[in-house]
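One structure below.
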Amino acid sequence: MLGAYWSLMKAADMRVYVPLTLSALAEAHKEGQLGPTPLTAYAVTPALREWYVSDDIEELEYAALSRAAQASLRLLAVDPQAPRRRVVVAVDVPDGQAVADPDRGLDQSALGEVRIKAAVPLAKAAAVHLDADDAERDIAAAADALGAADLGDDDAQFTVDGAEDHELLWYATQEIPNLIE
């Protein structure tokens, strides 16, 4: 009976990817939760499924993770003091807690974007994804070029796209204290 209940509970969870900076991860670790709310995160939404035209959940989750990495780069662009490494925390939240904005449906800039209205305990995190140390120079250049890229500068866009050449590494949540040192 308990096994059936647990299966129902797990089926009701949604994996979301929360973009952060290392400074924000340190704050979340100190507070024991991801916040302040509302949190912007990325997930496999109907719009993301439609855009990527895929039924492969791993591909779709990778797309959501990539969208969160792009959002992390934007956070770095507005926080010059943060270490130049993108951070994404994968968290399982109850289905319905993460909600996509229906008005932004197929807006390409909002694909996979969801809002979480309640703080999420860091204990719910499944993993942390983080750039390697050797990516810092490229990530710094991409963060610096983001504004010009947004204004249509092709060279700046090339620099921003270079950030995607770096795969985020996977870390267990138990490793967070070592990551934020």
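Numbering starts fresh at 1 for the residues of each chain in the structure tokens, the chains themselves are lettered A, B, ... in the order given, and ligands are numbered from 1 as they appear.
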- Item | Non-local contacts of Leu146 (chain A) (8 Å; only C-alpha atoms; under 5 positions in same chain excluded) as a PyMOL selection string | chain A and resi 74+77+156-157+160
Grab the residues selected above and save them as an mmCIF file, in the first residue's frame with N, CA and C atoms.
```
data_model
loop_
_atom_site.group_PDB
_atom_site.id
_atom_site.type_symbol
_atom_site.label_atom_id
_atom_site.label_comp_id
_atom_site.auth_asym_id
_atom_site.auth_seq_id
_atom_site.Cartn_x
_atom_site.Cartn_y
_atom_site.Cartn_z
ATOM 1 N N ARG A 74 22.284 35.198 -18.080
ATOM 2 C CA ARG A 74 21.672 36.518 -17.929
ATOM 3 C C ARG A 74 21.808 37.030 -16.492
ATOM 4 N N ALA A 77 25.212 38.374 -16.123
ATOM 5 C CA ALA A 77 25.374 39.658 -16.809
ATOM 6 C C ALA A 77 24.974 40.831 -15.927
ATOM 7 N N ALA A 156 28.976 39.867 -31.041
ATOM 8 C CA ALA A 156 28.616 39.634 -29.644
ATOM 9 C C ALA A 156 27.790 38.354 -29.519
ATOM 10 N N GLN A 157 26.886 38.115 -30.469
ATOM 11 C CA GLN A 157 26.086 36.884 -30.440
ATOM 12 C C GLN A 157 26.975 35.651 -30.572
ATOM 13 N N VAL A 160 28.407 35.073 -27.197
ATOM 14 C CA VAL A 160 27.385 34.512 -26.304
ATOM 15 C C VAL A 160 27.156 33.038 -26.635
#
```
- Message: Residues within 6 Å of region 16-23 of chain A, please, as a list in words. Count only C-alpha atoms; anything in the same chain fewer than 2 positions from it doesn't count.
- Response: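 The contact residues come out as Leu25, Ala26, Ala41, Tyr42, Ala43, Leu65, Ala68, Ala71, Ser72, Ala82, Val87, Val88, Val89, Ala90 and Val91 of chain A.
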- Kindly give the distance, in Å, that separates CA of Leu39 (chain A) and CA of Pro121 (chain A), rounded to a single decimal.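 These two atoms are separated by 12.3 Å.
All residues of protein, DNA or RNA that reach within 12 Å of Val99 (chain A), judged by only C-alpha atoms and not counting those fewer than 5 positions away in the chain, are Met14, Val16, Pro38, Leu39, Thr40, Ala41, Tyr42, Ala43, Val44, Thr45, Pro46, Val93, Pro94, Arg104, Gly105, Gly112, Glu113, Val114, Arg115, Ile116, Lys117 and Ala118 of chain A.
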Using the chain letters and numbers from this document, which residues of region 62-179 of chain A does DSSP assign to strand (DSSP E or B), as a PDB file with C-alpha atoms, in the first residue's frame?
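File produced: result.pdb:
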```pdb
ATOM      1  CA  VAL A  87      24.634  27.291 -12.190  1.00  0.00           C
ATOM      2  CA  VAL A  88      21.406  25.328 -12.600  1.00  0.00           C
ATOM      3  CA  VAL A  89      19.710  23.408  -9.797  1.00  0.00           C
ATOM      4  CA  ALA A  90      17.461  20.518 -10.808  1.00  0.00           C
ATOM      5  CA  VAL A  91      14.527  20.254  -8.420  1.00  0.00           C
ATOM      6  CA  ASP A  92      11.438  18.076  -8.262  1.00  0.00           C
ATOM      7  CA  VAL A  93       8.348  20.069  -7.298  1.00  0.00           C
ATOM      8  CA  PRO A  94       4.739  18.952  -6.986  1.00  0.00           C
ATOM      9  CA  ALA A  98       5.380  25.247 -11.472  1.00  0.00           C
ATOM     10  CA  VAL A  99       3.136  27.143 -13.876  1.00  0.00           C
ATOM     11  CA  GLU A 113       9.764  28.985 -18.618  1.00  0.00           C
ATOM     12  CA  VAL A 114       7.691  28.387 -15.487  1.00  0.00           C
ATOM     13  CA  ARG A 115       7.074  30.305 -12.276  1.00  0.00           C
ATOM     14  CA  ILE A 116       7.176  28.708  -8.853  1.00  0.00           C
ATOM     15  CA  VAL A 120      11.511  25.297  -2.600  1.00  0.00           C
ATOM     16  CA  PRO A 121      13.489  23.511   0.125  1.00  0.00           C
ATOM     17  CA  ALA A 125      17.124  19.352  -5.190  1.00  0.00           C
ATOM     18  CA  ALA A 126      18.095  16.361  -7.295  1.00  0.00           C
ATOM     19  CA  ALA A 127      21.383  17.755  -8.617  1.00  0.00           C
ATOM     20  CA  VAL A 128      23.420  20.857  -9.333  1.00  0.00           C
ATOM     21  CA  HIS A 129      24.757  21.584 -12.821  1.00  0.00           C
ATOM     22  CA  LEU A 130      27.754  23.922 -12.984  1.00  0.00           C
ATOM     23  CA  LEU A 169      28.915  19.350 -15.096  1.00  0.00           C
ATOM     24  CA  TRP A 170      26.673  17.297 -12.814  1.00  0.00           C
ATOM     25  CA  TYR A 171      27.134  17.405  -9.034  1.00  0.00           C
TER      26      TYR A 171
END
```
